[in-house]
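Okay, upload35.txt now, which holds compact mmCIF, C-alpha atoms:
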# COMPACT_ATOMS: atom_id res chain seq x y z
CA MET Y 1 63.24 -43.84 34.66
CA ASN Y 2 60.62 -45.36 32.37
CA TYR Y 3 59.63 -42.84 29.73
CA ARG Y 4 55.98 -42.97 28.72
CA LEU Y 5 55.72 -40.31 26.02
CA LEU Y 6 57.94 -39.50 23.05
CA ALA Y 7 57.34 -36.13 21.34
CA LEU Y 8 58.90 -35.82 17.89
CA SER Y 9 59.52 -32.72 15.83
CA VAL Y 10 58.91 -33.35 12.14
CA ASP Y 11 61.38 -31.15 10.29
CA GLY Y 12 64.97 -32.04 11.03
CA ALA Y 13 64.11 -35.02 13.24
CA ILE Y 14 61.64 -37.37 11.54
CA LEU Y 15 62.26 -36.05 8.04
CA LYS Y 16 65.69 -35.87 6.45
CA ASP Y 17 66.92 -32.69 4.79
CA ASN Y 18 65.43 -33.92 1.49
CA SER Y 19 62.03 -34.24 3.24
CA ARG Y 20 62.17 -38.03 2.98
CA LEU Y 21 61.19 -40.47 5.72
CA SER Y 22 63.66 -43.32 6.07
CA ARG Y 23 62.73 -46.94 6.71
CA THR Y 24 65.10 -46.95 9.69
CA THR Y 25 63.13 -44.12 11.29
CA LYS Y 26 59.80 -45.88 10.66
CA GLU Y 27 61.10 -49.08 12.24
CA ALA Y 28 62.47 -47.23 15.29
CA ILE Y 29 59.15 -45.49 15.91
CA GLU Y 30 57.31 -48.79 15.57
CA PHE Y 31 59.79 -50.32 18.02
CA VAL Y 32 59.10 -47.75 20.72
CA ARG Y 33 55.33 -47.84 20.12
CA ASN Y 34 55.41 -51.59 20.66
CA LYS Y 35 56.82 -50.89 24.10
CA GLY Y 36 53.61 -49.02 24.92
CA VAL Y 37 55.15 -45.54 24.66
CA TYR Y 38 52.76 -42.80 23.52
CA VAL Y 39 54.35 -41.23 20.42
CA THR Y 40 53.13 -37.85 19.22
CA LEU Y 41 54.17 -35.37 16.54
CA VAL Y 42 54.92 -31.78 17.57
CA THR Y 43 55.18 -29.53 14.53
CA HIS Y 44 54.64 -26.07 13.08
CA ARG Y 45 52.91 -27.78 10.14
CA SER Y 46 49.17 -27.81 9.54
CA TYR Y 47 46.91 -30.62 10.71
CA GLN Y 48 46.55 -31.99 7.18
CA GLN Y 49 50.30 -32.03 6.58
CA ALA Y 50 51.02 -33.63 9.96
CA ASN Y 51 48.26 -36.19 9.46
CA LYS Y 52 49.82 -37.30 6.18
CA ILE Y 53 53.12 -37.98 7.99
CA ALA Y 54 51.33 -39.71 10.87
CA LYS Y 55 49.59 -42.07 8.42
CA ALA Y 56 52.95 -42.94 6.85
CA LEU Y 57 54.15 -43.84 10.37
CA ARG Y 58 50.88 -45.65 11.20
CA MET Y 59 50.41 -43.37 14.21
CA GLU Y 60 46.91 -42.83 15.57
CA HIS Y 61 47.60 -40.63 18.61
CA GLU Y 62 46.83 -36.94 18.94
CA MET Y 63 49.22 -34.53 17.23
CA ILE Y 64 50.34 -31.04 18.20
CA CYS Y 65 50.12 -28.83 15.10
CA TYR Y 66 50.43 -25.18 14.07
CA GLY Y 67 53.33 -24.66 16.48
CA GLY Y 68 51.24 -25.54 19.52
CA SER Y 69 47.90 -23.98 18.55
CA LEU Y 70 46.07 -27.30 18.12
CA ILE Y 71 46.01 -30.82 19.54
CA ALA Y 72 44.02 -32.95 17.13
CA GLY Y 73 43.34 -36.57 16.39
CA ARG Y 74 40.61 -35.56 13.95
CA ALA Y 75 40.34 -32.05 12.53
CA ASP Y 76 36.63 -31.85 13.28
CA LYS Y 77 37.09 -32.69 16.96
CA PRO Y 78 40.24 -31.13 18.42
CA LEU Y 79 41.27 -31.95 21.97
CA TYR Y 80 42.71 -28.46 22.47
CA ALA Y 81 42.76 -25.27 20.42
CA GLN Y 82 44.25 -21.82 21.05
CA ARG Y 83 42.47 -19.60 18.54
CA MET Y 84 42.96 -15.91 17.93
CA PRO Y 85 39.83 -13.95 18.88
CA VAL Y 86 38.02 -12.66 15.80
CA GLU Y 87 38.71 -9.03 16.72
CA MET Y 88 42.42 -9.70 17.20
CA ALA Y 89 42.66 -11.50 13.83
CA ARG Y 90 40.78 -8.68 12.14
CA ASP Y 91 43.06 -6.02 13.64
CA ILE Y 92 46.24 -7.91 12.72
CA THR Y 93 45.22 -8.37 9.08
CA PHE Y 94 43.99 -4.77 8.84
CA GLU Y 95 47.43 -3.53 9.94
CA LEU Y 96 49.28 -5.97 7.68
CA GLU Y 97 47.33 -4.91 4.60
CA ARG Y 98 49.38 -1.69 4.51
CA PHE Y 99 52.61 -3.70 4.01
CA GLY Y 100 53.84 -5.59 0.96
CA CYS Y 101 52.96 -9.10 2.08
CA GLN Y 102 50.87 -12.17 1.51
CA ILE Y 103 48.73 -13.15 4.51
CA ILE Y 104 47.60 -16.73 4.97
CA VAL Y 105 44.99 -17.21 7.70
CA GLU Y 106 44.97 -20.81 8.92
CA HIS Y 107 42.01 -22.76 10.27
CA GLU Y 108 42.15 -26.54 10.62
CA ASN Y 109 39.61 -26.91 7.80
CA PHE Y 110 40.53 -24.12 5.38
CA GLU Y 111 42.92 -21.30 4.50
CA LEU Y 112 42.15 -17.69 3.68
CA THR Y 113 44.57 -15.48 1.78
CA ASN Y 114 44.66 -11.96 0.33
CA ARG Y 115 44.78 -11.08 -3.35
CA LEU Y 116 48.18 -9.68 -4.29
CA HIS Y 117 48.61 -6.73 -6.62
CA GLN Y 118 52.29 -7.20 -7.36
CA PRO Y 119 54.57 -7.61 -10.40
CA GLN Y 120 54.38 -11.12 -11.85
CA ASN Y 121 57.91 -12.11 -10.83
CA LEU Y 122 57.26 -11.05 -7.22
CA LEU Y 123 53.86 -12.76 -7.20
CA GLY Y 124 55.41 -16.06 -8.21
CA ARG Y 125 58.06 -15.81 -5.50
CA MET Y 126 55.67 -14.93 -2.70
CA THR Y 127 53.01 -17.57 -3.45
CA VAL Y 128 55.37 -20.51 -3.06
CA SER Y 129 54.22 -21.11 0.50
CA VAL Y 130 50.59 -21.31 -0.60
CA SER Y 131 51.26 -23.89 -3.31
CA GLU Y 132 53.06 -26.07 -0.77
CA SER Y 133 49.74 -26.65 1.00
CA LEU Y 134 47.28 -28.32 -1.35
CA PHE Y 135 45.20 -29.99 1.36
CA TYR Y 136 42.73 -27.18 2.10
CA PRO Y 137 39.94 -25.35 0.42
CA GLN Y 138 41.55 -21.91 -0.01
CA THR Y 139 39.66 -18.65 -0.40
CA VAL Y 140 41.32 -15.60 -1.99
CA VAL Y 141 39.77 -12.26 -1.01
CA GLU Y 142 40.42 -8.59 -1.73
CA HIS Y 143 40.29 -7.34 1.87
CA ILE Y 144 41.08 -10.11 4.30
CA SER Y 145 40.28 -8.11 7.44
CA ASP Y 146 36.72 -7.44 6.21
CA HIS Y 147 36.23 -11.12 5.39
CA ILE Y 148 37.38 -12.19 8.87
CA ASP Y 149 35.02 -9.71 10.50
CA LEU Y 150 32.05 -10.62 8.29
CA HIS Y 151 32.40 -14.39 8.71
CA ARG Y 152 33.64 -14.28 12.33
CA ILE Y 153 36.76 -16.34 11.66
CA ALA Y 154 38.92 -17.23 14.69
CA PRO Y 155 42.13 -18.67 13.19
CA LEU Y 156 44.71 -20.91 14.78
CA ARG Y 157 47.61 -19.06 13.18
CA MET Y 158 48.65 -16.73 10.37
CA LYS Y 159 51.58 -17.09 8.01
CA VAL Y 160 52.91 -13.91 6.42
CA ASP Y 161 55.36 -13.72 3.50
CA PHE Y 162 56.89 -10.30 2.88
CA ASP Y 163 58.13 -8.53 -0.23
CA ARG Y 164 61.38 -7.47 1.45
CA ASN Y 165 63.12 -8.06 4.74
CA GLU Y 166 62.75 -4.36 5.57
CA GLU Y 167 58.98 -4.75 5.24
CA LYS Y 168 59.07 -7.72 7.60
CA GLU Y 169 61.07 -5.88 10.26
CA ALA Y 170 58.82 -2.83 10.07
CA ALA Y 171 55.68 -4.98 10.33
CA ILE Y 172 57.03 -6.92 13.33
CA GLU Y 173 57.87 -3.70 15.18
CA HIS Y 174 54.46 -2.21 14.37
CA LEU Y 175 52.47 -5.30 15.43
CA ARG Y 176 54.38 -5.68 18.67
CA SER Y 177 53.61 -2.08 19.58
CA ILE Y 178 49.83 -2.31 19.10
CA ILE Y 179 48.74 -5.99 19.42
CA PRO Y 180 49.20 -7.43 22.95
CA GLY Y 181 49.41 -11.18 23.45
CA LEU Y 182 50.81 -11.86 19.98
CA ASN Y 183 53.63 -14.37 19.46
CA ILE Y 184 55.69 -13.55 16.35
CA VAL Y 185 57.99 -16.36 15.18
CA GLU Y 186 60.41 -15.50 12.37
CA GLN Y 187 60.87 -18.30 9.83
CA GLU Y 188 64.00 -19.52 8.11
CA GLY Y 189 64.16 -19.54 4.31
CA ASP Y 190 64.65 -17.41 1.21
CA ILE Y 191 61.39 -15.48 1.65
CA PRO Y 192 61.11 -13.08 4.65
CA SER Y 193 58.35 -14.79 6.61
CA VAL Y 194 56.74 -14.95 10.06
CA HIS Y 195 54.15 -17.05 11.89
CA LEU Y 196 51.66 -15.21 14.11
CA LYS Y 197 49.72 -16.89 16.93
CA LEU Y 198 48.70 -16.37 20.54
CA ASN Y 199 51.42 -16.26 23.19
CA GLU Y 200 49.72 -19.22 24.87
CA ALA Y 201 49.96 -21.29 21.69
CA ASN Y 202 53.44 -22.75 22.14
CA LYS Y 203 54.72 -26.29 21.82
CA SER Y 204 55.97 -26.73 25.37
CA GLU Y 205 52.75 -25.63 27.11
CA THR Y 206 50.61 -27.63 24.70
CA LEU Y 207 52.73 -30.74 25.20
CA LEU Y 208 52.41 -30.42 28.97
CA TYR Y 209 48.63 -30.02 28.55
CA LEU Y 210 48.53 -33.26 26.54
CA GLY Y 211 50.56 -34.99 29.25
CA LEU Y 212 48.13 -33.77 31.89
CA GLU Y 213 45.21 -35.20 29.90
CA LEU Y 214 47.03 -38.53 29.63
CA GLY Y 215 48.24 -38.64 33.22
CA ILE Y 216 51.88 -38.43 32.10
CA HIS Y 217 54.28 -36.23 34.07
CA PRO Y 218 56.87 -34.00 32.33
CA GLU Y 219 59.73 -36.09 33.73
CA GLU Y 220 58.25 -39.13 31.96
CA MET Y 221 58.53 -37.44 28.56
CA VAL Y 222 61.23 -37.41 25.89
CA ALA Y 223 61.21 -34.66 23.26
CA VAL Y 224 63.36 -34.57 20.12
CA ALA Y 225 63.90 -31.46 17.99
CA ALA Y 226 66.31 -29.72 15.63
CA LYS Y 227 65.21 -26.05 15.62
CA GLU Y 228 66.10 -23.33 18.12
CA GLU Y 229 62.41 -22.45 18.45
CA ASP Y 230 61.96 -25.81 20.22
CA GLU Y 231 64.49 -25.10 22.97
CA GLU Y 232 61.76 -24.38 25.52
CA MET Y 233 60.06 -27.69 24.74
CA LEU Y 234 63.30 -29.65 25.25
CA ASN Y 235 63.80 -27.94 28.62
CA ALA Y 236 60.23 -28.72 29.74
CA VAL Y 237 60.53 -32.53 29.63
CA GLY Y 238 62.49 -35.23 31.42
CA LEU Y 239 64.85 -35.83 28.50
CA GLY Y 240 65.34 -33.16 25.84
CA VAL Y 241 67.21 -34.46 22.79
CA ALA Y 242 68.77 -32.26 20.09
CA MET Y 243 69.56 -33.62 16.65
CA GLY Y 244 73.23 -33.62 15.68
CA GLN Y 245 72.81 -30.97 12.97
CA SER Y 246 71.11 -28.55 15.38
CA SER Y 247 72.60 -25.18 16.26
CA LEU Y 248 75.23 -24.99 18.97
CA GLN Y 249 72.75 -23.17 21.22
CA LEU Y 250 70.17 -25.96 21.01
CA ARG Y 251 72.77 -28.67 21.51
CA LYS Y 252 74.12 -26.92 24.61
CA SER Y 253 70.68 -26.59 26.16
CA ALA Y 254 69.63 -30.20 25.46
CA ASP Y 255 70.11 -33.09 27.87
CA TRP Y 256 71.31 -35.37 25.09
CA VAL Y 257 72.60 -34.88 21.54
CA THR Y 258 72.08 -37.62 19.00
CA ARG Y 259 73.42 -38.04 15.49
CA SER Y 260 72.22 -35.86 12.60
CA ASN Y 261 69.03 -36.65 10.71
CA ASP Y 262 71.03 -37.74 7.65
CA GLN Y 263 72.74 -40.27 9.96
CA ASP Y 264 69.37 -41.56 11.25
CA GLY Y 265 69.93 -39.82 14.58
CA LEU Y 266 66.31 -40.27 15.69
CA ALA Y 267 66.48 -44.04 15.25
CA TYR Y 268 69.83 -44.13 17.05
CA MET Y 269 68.44 -42.18 20.00
CA ILE Y 270 65.34 -44.38 20.29
CA LYS Y 271 67.39 -47.57 20.39
CA GLU Y 272 69.85 -46.15 22.93
CA VAL Y 273 67.25 -44.65 25.28
CA PHE Y 274 64.45 -47.23 25.03
CA ARG Y 275 66.32 -50.46 24.30
CA LYS Y 276 66.40 -51.68 27.92
CA GLN Y 277 63.14 -50.06 29.01
CA MET Y 278 60.38 -52.38 30.14
CA ASN Y 279 57.05 -52.25 28.32
CA VAL Y 280 54.81 -49.42 29.53
CA SER Y 281 51.42 -50.62 30.74
CA LYS Y 282 48.82 -49.30 28.29
CA GLN Y 283 46.34 -49.18 31.15
CA HIS Y 284 48.03 -45.96 32.29
CA LEU Y 285 47.68 -44.17 28.91
So that I can check it, write out the structure of this file as structure tokens.
Amino acid sequence: MNYRLLALSVDGAILKDNSRLSRTTKEAIEFVRNKGVYVTLVTHRSYQQANKIAKALRMEHEMICYGGSLIAGRADKPLYAQRMPVEMARDITFELERFGCQIIVEHENFELTNRLHQPQNLLGRMTVSVSESLFYPQTVVEHISDHIDLHRIAPLRMKVDFDRNEEKEAAIEHLRSIIPGLNIVEQEGDIPSVHLKLNEANKSETLLYLGLELGIHPEEMVAVAAKEEDEEMLNAVGLGVAMGQSSLQLRKSADWVTRSNDQDGLAYMIKEVFRKQMNVSKQHL
């Protein structure tokens, strides 16, 4: 089998645990690109964050961002977008405003967040996620649901950081009971956090859509990931590869397990899988 597309998760696969990109990984990606393989990023990160990594890798292909909500080569001209309807976004934020949380509404060109009325120590802890993203114009408003309704904002995704885990669990249960079609993805980390997006906005379906646009069949794809949330994507392609440090569940469901990211597992996998593969004709991409 000649593989024609390589889909790479960013966190845990391309980036090491210290968020660094190794020279070995860069060289391996360049190696497979020189064989004519279409290499794309598949990430929960924003377009601007993913684009910064793509530039470091000298990649110019479309990227799947926001956990599958957007396929973009340029932010102002996306190939594919799964946006929340304005009314749905308004209703979600209206319900969340009764909980102790920070809401970050994500569009590919800006972010919108609510003003917190919390003790200073809590405020500093909960705004970490906002300070991590310095690429956007960011608007802080008093009542985020009113702002969404007034300006007719249809976001790609929302990120929500909660005061306490109990608040997060109560909010998840409440939203699931009243908002149909909502995909709630709990996030790892010290702060109780979730991502909210449409059910249709998932990495596996979006990757298959990209393949359809390119004329590439699922069995001609390789996907590499390290998080359990990417299990469906690994099962949707011809060769699903789990990183060595992945959970036991992800490793069991994958077709192939490579070394860990700290052992340059992505580079090892690329050389093993693509070393003997003939060049892919670029006429077919």
Distance query segment 264-278 of chain Y at most 6 Å, all atoms listed in the file, self and fewer than 4 positions along chain excluded, as a PDB file with C-alpha atoms, keeping the file's coordinate frame:
ATOM      1  CA  THR Y  25      63.130 -44.120  11.290  1.00  0.00           C
ATOM      2  CA  ALA Y  28      62.470 -47.230  15.290  1.00  0.00           C
ATOM      3  CA  THR Y 258      72.080 -37.620  19.000  1.00  0.00           C
ATOM      4  CA  ARG Y 259      73.420 -38.040  15.490  1.00  0.00           C
ATOM      5  CA  SER Y 260      72.220 -35.860  12.600  1.00  0.00           C
TER       6      SER Y 260
END
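Shortest atom-to-atom contact with Leu208 of chain Y among Y:Ile29, Y:Ala236, Y:Ile148, Y:Cys101: Y:Ala236, counting only C-alpha atoms.
You can rank Y:Thr43, Y:Phe31, Y:Leu156, Y:Asn51 by their closest distance to Met233 of chain Y using all atoms listed in the file, and at the top of that list sits Y:Thr43.
Distance annotation: of Y:Gly215, Y:Ser9, Y:Leu182, Y:Arg33, the residue with the minimal separation from Leu234 of chain Y is Y:Ser9; atom set is all atoms listed in the file.
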Min atom-atom distance to Gln49 of chain Y from the set Y:Ala254, Y:Glu108, Y:Pro78, Y:Glu97, counting all atoms listed in the file, belongs to Y:Glu108
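Relative to atom CA of Trp256 of chain Y, atom CA of Ser19 of chain Y is found at 23.8 Å.
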Contacts of segment 63-68 of chain Y within 9 Å, only C-alpha atoms, excl. fewer than 5 positions in-chain, as a PyMOL selection string: chain Y and resi 40-47+50-51+54+73+81-82+106+156-157+195+197+200-207+210
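When all atoms listed in the file are used to measure the gap to His217 of chain Y, the shortest distance among Y:Leu239, Y:Leu116, Y:Glu173, Y:Asn183 belongs to Y:Leu239.
Proximity to Thr139 of chain Y at 12 Å, evaluated using all atoms listed in the file and with sequence-adjacent residues fewer than 3 positions away removed, yields Ile103, Ile104, Val105, Glu106, His107, Asn109, Phe110, Glu111, Leu112, Thr113, Asn114, Arg115, Val130, Tyr136, Glu142, His143, Ile144, His147 and Ile148 of chain Y.
Contact shell of Asn235 of chain Y at 10 Å (only C-alpha atoms; same-chain neighbours under 4 positions omitted): Ser204, Pro218, Ala223, Asp230, Glu231, Leu239, Gly240, Val241, Ser253, Ala254 and Asp255 of chain Y.
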Taking all listed atoms of segment 254-271 of chain Y, build the axis-aligned box, pad each of the six sides by 8 Å, then write its centre and edge lengths in Å to one decimal as AutoDock Vina command-line options.
--center_x 69.4 --center_y -38.9 --center_z 17.8 --size_x 24.1 --size_y 33.4 --size_z 36.2
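Comparing Y:Leu96, Y:Val39, Y:Ala7, Y:Leu196 by their smallest distance to Ser145 of chain Y, the closest is Y:Leu96 (using all atoms listed in the file).
The spacing separating atom CA of Arg83 of chain Y from atom CA of Arg176 of chain Y amounts to 18.3 Å.
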Just to confirm, what's the straight-line distance from atom CA of Lys55 of chain Y to atom CA of Ala72 of chain Y in Å (one decimal)? 13.8 Å
